[in-house]
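Trainee: Below is the file coords-v9.cif, which contains mmCIF, N, CA and C atoms.
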```cif
data_structure
#
loop_
_atom_site.label_atom_id
_atom_site.label_comp_id
_atom_site.auth_asym_id
_atom_site.auth_seq_id
_atom_site.Cartn_x
_atom_site.Cartn_y
_atom_site.Cartn_z
N MET O 1 0.84 -1.17 0.00
CA MET O 1 0.00 0.00 0.00
C MET O 1 0.90 1.25 0.00
N PRO O 2 0.70 2.18 -0.95
CA PRO O 2 1.57 3.36 -1.01
C PRO O 2 1.32 4.30 0.18
N VAL O 3 2.42 4.94 0.60
CA VAL O 3 2.34 5.89 1.71
C VAL O 3 1.89 7.25 1.17
N SER O 4 0.90 7.85 1.82
CA SER O 4 0.39 9.16 1.40
C SER O 4 1.13 10.25 2.18
N HIS O 5 1.68 11.21 1.44
CA HIS O 5 2.38 12.32 2.08
C HIS O 5 1.54 13.58 1.91
N PRO O 6 1.59 14.48 2.90
CA PRO O 6 0.85 15.73 2.76
C PRO O 6 1.43 16.57 1.63
N PRO O 7 0.61 17.45 1.04
CA PRO O 7 1.13 18.31 -0.02
C PRO O 7 2.27 19.18 0.51
N THR O 8 3.21 19.49 -0.35
CA THR O 8 4.32 20.34 0.04
C THR O 8 4.39 21.54 -0.89
N THR O 9 5.15 22.54 -0.47
CA THR O 9 5.36 23.74 -1.27
C THR O 9 6.77 24.23 -1.00
N THR O 10 7.21 25.25 -1.72
CA THR O 10 8.56 25.78 -1.57
C THR O 10 8.49 27.27 -1.28
N LEU O 11 9.33 27.74 -0.38
CA LEU O 11 9.42 29.15 -0.04
C LEU O 11 10.24 29.85 -1.12
N SER O 12 9.69 30.91 -1.72
CA SER O 12 10.41 31.63 -2.77
C SER O 12 11.44 32.58 -2.16
N THR O 13 12.27 33.16 -3.01
CA THR O 13 13.28 34.12 -2.54
C THR O 13 12.63 35.37 -1.97
N LYS O 14 11.35 35.61 -2.30
CA LYS O 14 10.62 36.76 -1.76
C LYS O 14 9.82 36.39 -0.51
N GLY O 15 9.97 35.16 -0.02
CA GLY O 15 9.25 34.73 1.16
C GLY O 15 7.83 34.30 0.87
N GLN O 16 7.50 34.06 -0.38
CA GLN O 16 6.14 33.68 -0.76
C GLN O 16 5.98 32.16 -0.74
N VAL O 17 4.79 31.74 -0.34
CA VAL O 17 4.45 30.32 -0.30
C VAL O 17 3.18 30.14 -1.12
N ILE O 18 3.17 29.16 -1.99
CA ILE O 18 1.96 28.85 -2.76
C ILE O 18 1.24 27.71 -2.07
N LEU O 19 -0.01 27.96 -1.70
CA LEU O 19 -0.82 26.90 -1.08
C LEU O 19 -1.40 26.03 -2.19
N PRO O 20 -1.34 24.72 -2.04
CA PRO O 20 -1.88 23.83 -3.06
C PRO O 20 -3.36 24.12 -3.32
N LYS O 21 -3.76 24.06 -4.60
CA LYS O 21 -5.12 24.39 -5.02
C LYS O 21 -6.19 23.61 -4.26
N PRO O 22 -6.05 22.30 -4.04
CA PRO O 22 -7.10 21.58 -3.31
C PRO O 22 -7.33 22.16 -1.91
N ILE O 23 -6.26 22.61 -1.26
CA ILE O 23 -6.41 23.20 0.07
C ILE O 23 -7.11 24.55 -0.03
N ARG O 24 -6.68 25.41 -0.98
CA ARG O 24 -7.34 26.72 -1.16
C ARG O 24 -8.82 26.53 -1.47
N ASP O 25 -9.11 25.60 -2.36
CA ASP O 25 -10.51 25.35 -2.74
C ASP O 25 -11.35 24.88 -1.56
N SER O 26 -10.80 23.96 -0.77
CA SER O 26 -11.57 23.41 0.35
C SER O 26 -11.84 24.47 1.42
N LEU O 27 -10.98 25.48 1.51
CA LEU O 27 -11.15 26.56 2.50
C LEU O 27 -11.88 27.77 1.92
N GLY O 28 -12.09 27.76 0.60
CA GLY O 28 -12.76 28.89 -0.05
C GLY O 28 -11.87 30.12 -0.13
N TRP O 29 -10.55 29.94 -0.12
CA TRP O 29 -9.60 31.05 -0.19
C TRP O 29 -9.29 31.35 -1.64
N GLU O 30 -9.55 32.57 -2.06
CA GLU O 30 -9.27 33.00 -3.43
C GLU O 30 -8.14 34.02 -3.42
N ALA O 31 -7.62 34.37 -4.60
CA ALA O 31 -6.55 35.36 -4.70
C ALA O 31 -6.98 36.64 -3.98
N GLY O 32 -6.09 37.20 -3.22
CA GLY O 32 -6.40 38.43 -2.49
C GLY O 32 -6.94 38.19 -1.09
N ALA O 33 -7.18 36.94 -0.72
CA ALA O 33 -7.69 36.64 0.63
C ALA O 33 -6.66 37.11 1.65
N ARG O 34 -7.12 37.79 2.69
CA ARG O 34 -6.22 38.26 3.76
C ARG O 34 -6.14 37.17 4.83
N LEU O 35 -4.91 36.84 5.19
CA LEU O 35 -4.67 35.77 6.15
C LEU O 35 -3.81 36.28 7.30
N ALA O 36 -4.19 35.96 8.52
CA ALA O 36 -3.37 36.25 9.68
C ALA O 36 -2.34 35.13 9.81
N VAL O 37 -1.12 35.48 10.14
CA VAL O 37 -0.04 34.51 10.26
C VAL O 37 0.38 34.46 11.72
N GLU O 38 0.32 33.26 12.31
CA GLU O 38 0.69 33.09 13.71
C GLU O 38 1.75 32.00 13.83
N ARG O 39 2.72 32.27 14.65
CA ARG O 39 3.73 31.25 14.95
C ARG O 39 3.22 30.42 16.12
N THR O 40 3.22 29.11 15.98
CA THR O 40 2.76 28.21 17.04
C THR O 40 3.88 27.24 17.40
N SER O 41 3.64 26.46 18.42
CA SER O 41 4.65 25.47 18.83
C SER O 41 4.84 24.39 17.76
N GLU O 42 3.84 24.25 16.89
CA GLU O 42 3.92 23.22 15.85
C GLU O 42 4.33 23.77 14.49
N GLY O 43 4.46 25.09 14.37
CA GLY O 43 4.84 25.68 13.09
C GLY O 43 4.14 27.00 12.87
N VAL O 44 3.61 27.18 11.67
CA VAL O 44 2.94 28.43 11.30
C VAL O 44 1.47 28.14 11.03
N LEU O 45 0.61 29.00 11.55
CA LEU O 45 -0.83 28.85 11.38
C LEU O 45 -1.35 30.01 10.54
N LEU O 46 -2.12 29.71 9.50
CA LEU O 46 -2.76 30.74 8.67
C LEU O 46 -4.26 30.72 8.98
N LYS O 47 -4.81 31.92 9.25
CA LYS O 47 -6.24 32.02 9.53
C LYS O 47 -6.79 33.20 8.73
N PRO O 48 -8.00 33.05 8.16
CA PRO O 48 -8.57 34.17 7.41
C PRO O 48 -8.85 35.35 8.35
N VAL O 49 -8.60 36.54 7.83
CA VAL O 49 -8.88 37.76 8.59
C VAL O 49 -10.31 38.16 8.28
N THR O 50 -11.12 38.34 9.32
CA THR O 50 -12.51 38.73 9.11
C THR O 50 -12.61 40.25 9.05
N SER O 51 -13.63 40.73 8.38
CA SER O 51 -13.82 42.16 8.23
C SER O 51 -14.30 42.80 9.53
N PHE O 52 -14.97 42.04 10.35
CA PHE O 52 -15.54 42.56 11.58
C PHE O 52 -15.07 41.74 12.75
N ALA O 53 -14.95 42.38 13.88
CA ALA O 53 -14.58 41.66 15.10
C ALA O 53 -15.70 40.69 15.46
N GLU O 54 -15.31 39.53 15.98
CA GLU O 54 -16.31 38.54 16.38
C GLU O 54 -17.10 39.07 17.57
N THR O 55 -18.41 38.90 17.52
CA THR O 55 -19.27 39.36 18.61
C THR O 55 -20.21 38.25 19.04
N ALA O 56 -20.69 38.37 20.25
CA ALA O 56 -21.69 37.43 20.75
C ALA O 56 -23.07 38.04 20.52
N PRO O 57 -24.10 37.22 20.30
CA PRO O 57 -25.44 37.76 20.03
C PRO O 57 -25.90 38.79 21.06
N GLU O 58 -25.62 38.54 22.34
CA GLU O 58 -26.09 39.48 23.36
C GLU O 58 -25.41 40.85 23.25
N GLU O 59 -24.30 40.93 22.53
CA GLU O 59 -23.62 42.21 22.34
C GLU O 59 -24.28 43.07 21.27
N VAL O 60 -25.07 42.45 20.39
CA VAL O 60 -25.66 43.22 19.29
C VAL O 60 -27.19 43.23 19.29
N PHE O 61 -27.83 42.35 20.05
CA PHE O 61 -29.30 42.35 20.11
C PHE O 61 -29.77 43.71 20.59
N GLY O 62 -30.76 44.23 19.92
CA GLY O 62 -31.35 45.49 20.35
C GLY O 62 -30.51 46.70 20.01
N CYS O 63 -29.55 46.58 19.09
CA CYS O 63 -28.70 47.72 18.79
C CYS O 63 -29.46 48.79 18.00
N LEU O 64 -30.55 48.44 17.34
CA LEU O 64 -31.39 49.42 16.65
C LEU O 64 -32.60 49.68 17.54
N ARG O 65 -32.61 50.80 18.17
CA ARG O 65 -33.65 51.13 19.13
C ARG O 65 -34.95 51.50 18.42
N PHE O 66 -36.05 51.15 19.03
CA PHE O 66 -37.39 51.49 18.52
C PHE O 66 -38.25 51.89 19.69
N ASP O 67 -38.85 53.06 19.59
CA ASP O 67 -39.77 53.50 20.62
C ASP O 67 -41.18 53.24 20.14
N GLY O 68 -41.96 52.60 20.93
CA GLY O 68 -43.34 52.32 20.57
C GLY O 68 -43.69 50.88 20.88
N ALA O 69 -44.93 50.56 20.58
CA ALA O 69 -45.40 49.20 20.83
C ALA O 69 -44.77 48.24 19.83
N PRO O 70 -44.45 47.02 20.26
CA PRO O 70 -43.91 46.04 19.33
C PRO O 70 -44.91 45.72 18.22
N LYS O 71 -44.39 45.46 17.02
CA LYS O 71 -45.24 45.08 15.89
C LYS O 71 -45.52 43.58 15.95
N SER O 72 -46.70 43.21 15.50
CA SER O 72 -47.03 41.78 15.42
C SER O 72 -46.39 41.21 14.16
N LEU O 73 -46.32 39.91 14.07
CA LEU O 73 -45.78 39.26 12.89
C LEU O 73 -46.59 39.65 11.66
N ALA O 74 -47.91 39.70 11.78
CA ALA O 74 -48.77 40.08 10.65
C ALA O 74 -48.47 41.51 10.21
N GLU O 75 -48.26 42.43 11.17
CA GLU O 75 -47.94 43.81 10.81
C GLU O 75 -46.59 43.91 10.10
N MET O 76 -45.62 43.13 10.55
CA MET O 76 -44.31 43.14 9.90
C MET O 76 -44.41 42.59 8.48
N GLU O 77 -45.13 41.48 8.31
CA GLU O 77 -45.29 40.90 6.98
C GLU O 77 -45.99 41.87 6.04
N THR O 78 -47.03 42.57 6.54
CA THR O 78 -47.74 43.56 5.73
C THR O 78 -46.80 44.68 5.32
N GLY O 79 -45.98 45.15 6.25
CA GLY O 79 -45.03 46.22 5.95
C GLY O 79 -44.01 45.81 4.90
N VAL O 80 -43.50 44.59 5.01
CA VAL O 80 -42.52 44.09 4.04
C VAL O 80 -43.17 43.98 2.66
N MET O 81 -44.36 43.42 2.58
CA MET O 81 -45.05 43.26 1.30
C MET O 81 -45.39 44.62 0.68
N THR O 82 -45.82 45.57 1.51
CA THR O 82 -46.13 46.91 0.99
C THR O 82 -44.89 47.54 0.37
N GLU O 83 -43.77 47.44 1.05
CA GLU O 83 -42.53 48.03 0.52
C GLU O 83 -42.06 47.29 -0.72
N ALA O 84 -42.19 45.96 -0.74
CA ALA O 84 -41.80 45.18 -1.92
C ALA O 84 -42.63 45.58 -3.12
N ARG O 85 -43.92 45.75 -2.93
CA ARG O 85 -44.80 46.17 -4.04
C ARG O 85 -44.43 47.57 -4.52
N ARG O 86 -44.13 48.47 -3.57
CA ARG O 86 -43.77 49.84 -3.93
C ARG O 86 -42.48 49.83 -4.77
N ARG O 87 -41.51 49.07 -4.34
CA ARG O 87 -40.23 49.02 -5.08
C ARG O 87 -40.41 48.35 -6.43
N HIS O 88 -41.22 47.30 -6.48
CA HIS O 88 -41.45 46.60 -7.76
C HIS O 88 -42.17 47.50 -8.75
N ALA O 89 -43.05 48.37 -8.25
CA ALA O 89 -43.81 49.28 -9.11
C ALA O 89 -42.92 50.45 -9.57
N GLY O 90 -41.72 50.55 -9.00
CA GLY O 90 -40.82 51.61 -9.42
C GLY O 90 -41.05 52.93 -8.73
N GLY O 91 -41.69 52.91 -7.60
CA GLY O 91 -41.96 54.20 -7.00
C GLY O 91 -41.74 54.22 -5.58
#
```
Let me see whether you can do it: turn the structure in this file into structure tokens.

Mentor:
Amino acid sequence: MPVSHPPTTTLSTKGQVILPKPIRDSLGWEAGARLAVERTSEGVLLKPVTSFAETAPEEVFGCLRFDGAPKSLAEMETGVMTEARRRHAGG
């Protein structure tokens, strides 16, 4: 049975590393993806840089304040449909 080795790459004279396409594809990393580079006890770790800081739901719930009585589900659905019709009609 043949021994399977992990994919390898070579460090260029400019310090660039090419990640094998199957790995990029499986992670959804495309050209221009920003990656954080961390040194670990096992080597180097690459992690995608997110556009926004990670938050917990309780940190953002209620961030858009509304004064007044809560709307019912039926009222919200009516409002959404009214606006959709208005936009579809072009006005």

Trainee: Report the centre and edge lengths, in Å to one decimal, of an axis-aligned box enclosing every atom of range 62-80 of chain O listed in the file, padded by 4 Å on each side, as AutoDock Vina command-line options.

Mentor:
```
--center_x -38.7 --center_y 46.4 --center_z 11.8 --size_x 28.1 --size_y 22.2 --size_z 26.3
```

Trainee: So the first atom is CA of Met81 in chain O and the second is CA of Pro57 in chain O; what is the distance between them in Å, to one decimal place?

Mentor: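 Going from CA of Met81 in chain O over to CA of Pro57 in chain O covers 27.7 Å.
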
Trainee: Please enumerate the residues selected by the PyMOL selection byres ((chain O and resi 23-34) around 7) when evaluated against the supplied file, formatted as a list in words.

Mentor: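 Evaluating the PyMOL selection byres ((chain O and resi 23-34) around 7) on these coordinates yields Leu19, Pro20, Lys21, Pro22, Leu35, Ala36, Lys47, Pro48, Val49 and Thr50 of chain O.
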
Trainee: Enumerate, as a list in words, the complete set of residues in chain O that a backbone-based DSSP assignment places in helix (DSSP H, G or I).

Mentor: Lys21, Pro22, Ile23, Arg24, Asp25, Ser26, Leu27, Pro57, Glu58, Glu59, Val60, Leu73, Ala74, Glu75, Met76, Glu77, Thr78, Gly79, Val80, Met81, Thr82, Glu83, Ala84, Arg85, Arg86, Arg87 and His88 of chain O

Trainee: Would you compute the distance between CA of Leu11 in chain O and CA of Val44 in chain O? Give it in Å to one decimal.

Mentor: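 For CA of Leu11 in chain O relative to CA of Val44 in chain O, the distance reads 13.1 Å.
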
Trainee: Report, in Å to a single decimal, how far apart CA of Glu38 in chain O and atom C of Ile18 in chain O are.

Mentor: 16.7 Å

Trainee: Would you give me, as a list in words, the residues in chain O that DSSP reads as strand (DSSP E)?

Mentor: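 Taking chain O and keeping strand (DSSP E) gives Leu35, Ala36, Val37, Glu38, Arg39, Thr40, Gly43, Val44, Leu45, Leu46, Lys47 and Pro48 of chain O.
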
Trainee: Can those selected residues be exported to a file as a PDB file, in the coordinates of the input so that it contains N, CA and C atoms?

Mentor:
```pdb
ATOM      1  N   LEU O  35      -4.910  36.840   5.190  1.00  0.00           N
ATOM      2  CA  LEU O  35      -4.670  35.770   6.150  1.00  0.00           C
ATOM      3  C   LEU O  35      -3.810  36.280   7.300  1.00  0.00           C
ATOM      4  N   ALA O  36      -4.190  35.960   8.520  1.00  0.00           N
ATOM      5  CA  ALA O  36      -3.370  36.250   9.680  1.00  0.00           C
ATOM      6  C   ALA O  36      -2.340  35.130   9.810  1.00  0.00           C
ATOM      7  N   VAL O  37      -1.120  35.480  10.140  1.00  0.00           N
ATOM      8  CA  VAL O  37      -0.040  34.510  10.260  1.00  0.00           C
ATOM      9  C   VAL O  37       0.380  34.460  11.720  1.00  0.00           C
ATOM     10  N   GLU O  38       0.320  33.260  12.310  1.00  0.00           N
ATOM     11  CA  GLU O  38       0.690  33.090  13.710  1.00  0.00           C
ATOM     12  C   GLU O  38       1.750  32.000  13.830  1.00  0.00           C
ATOM     13  N   ARG O  39       2.720  32.270  14.650  1.00  0.00           N
ATOM     14  CA  ARG O  39       3.730  31.250  14.950  1.00  0.00           C
ATOM     15  C   ARG O  39       3.220  30.420  16.120  1.00  0.00           C
ATOM     16  N   THR O  40       3.220  29.110  15.980  1.00  0.00           N
ATOM     17  CA  THR O  40       2.760  28.210  17.040  1.00  0.00           C
ATOM     18  C   THR O  40       3.880  27.240  17.400  1.00  0.00           C
ATOM     19  N   GLY O  43       4.460  25.090  14.370  1.00  0.00           N
ATOM     20  CA  GLY O  43       4.840  25.680  13.090  1.00  0.00           C
ATOM     21  C   GLY O  43       4.140  27.000  12.870  1.00  0.00           C
ATOM     22  N   VAL O  44       3.610  27.180  11.670  1.00  0.00           N
ATOM     23  CA  VAL O  44       2.940  28.430  11.300  1.00  0.00           C
ATOM     24  C   VAL O  44       1.470  28.140  11.030  1.00  0.00           C
ATOM     25  N   LEU O  45       0.610  29.000  11.550  1.00  0.00           N
ATOM     26  CA  LEU O  45      -0.830  28.850  11.380  1.00  0.00           C
ATOM     27  C   LEU O  45      -1.350  30.010  10.540  1.00  0.00           C
ATOM     28  N   LEU O  46      -2.120  29.710   9.500  1.00  0.00           N
ATOM     29  CA  LEU O  46      -2.760  30.740   8.670  1.00  0.00           C
ATOM     30  C   LEU O  46      -4.260  30.720   8.980  1.00  0.00           C
ATOM     31  N   LYS O  47      -4.810  31.920   9.250  1.00  0.00           N
ATOM     32  CA  LYS O  47      -6.240  32.020   9.530  1.00  0.00           C
ATOM     33  C   LYS O  47      -6.790  33.200   8.730  1.00  0.00           C
ATOM     34  N   PRO O  48      -8.000  33.050   8.160  1.00  0.00           N
ATOM     35  CA  PRO O  48      -8.570  34.170   7.410  1.00  0.00           C
ATOM     36  C   PRO O  48      -8.850  35.350   8.350  1.00  0.00           C
TER      37      PRO O  48
END
```
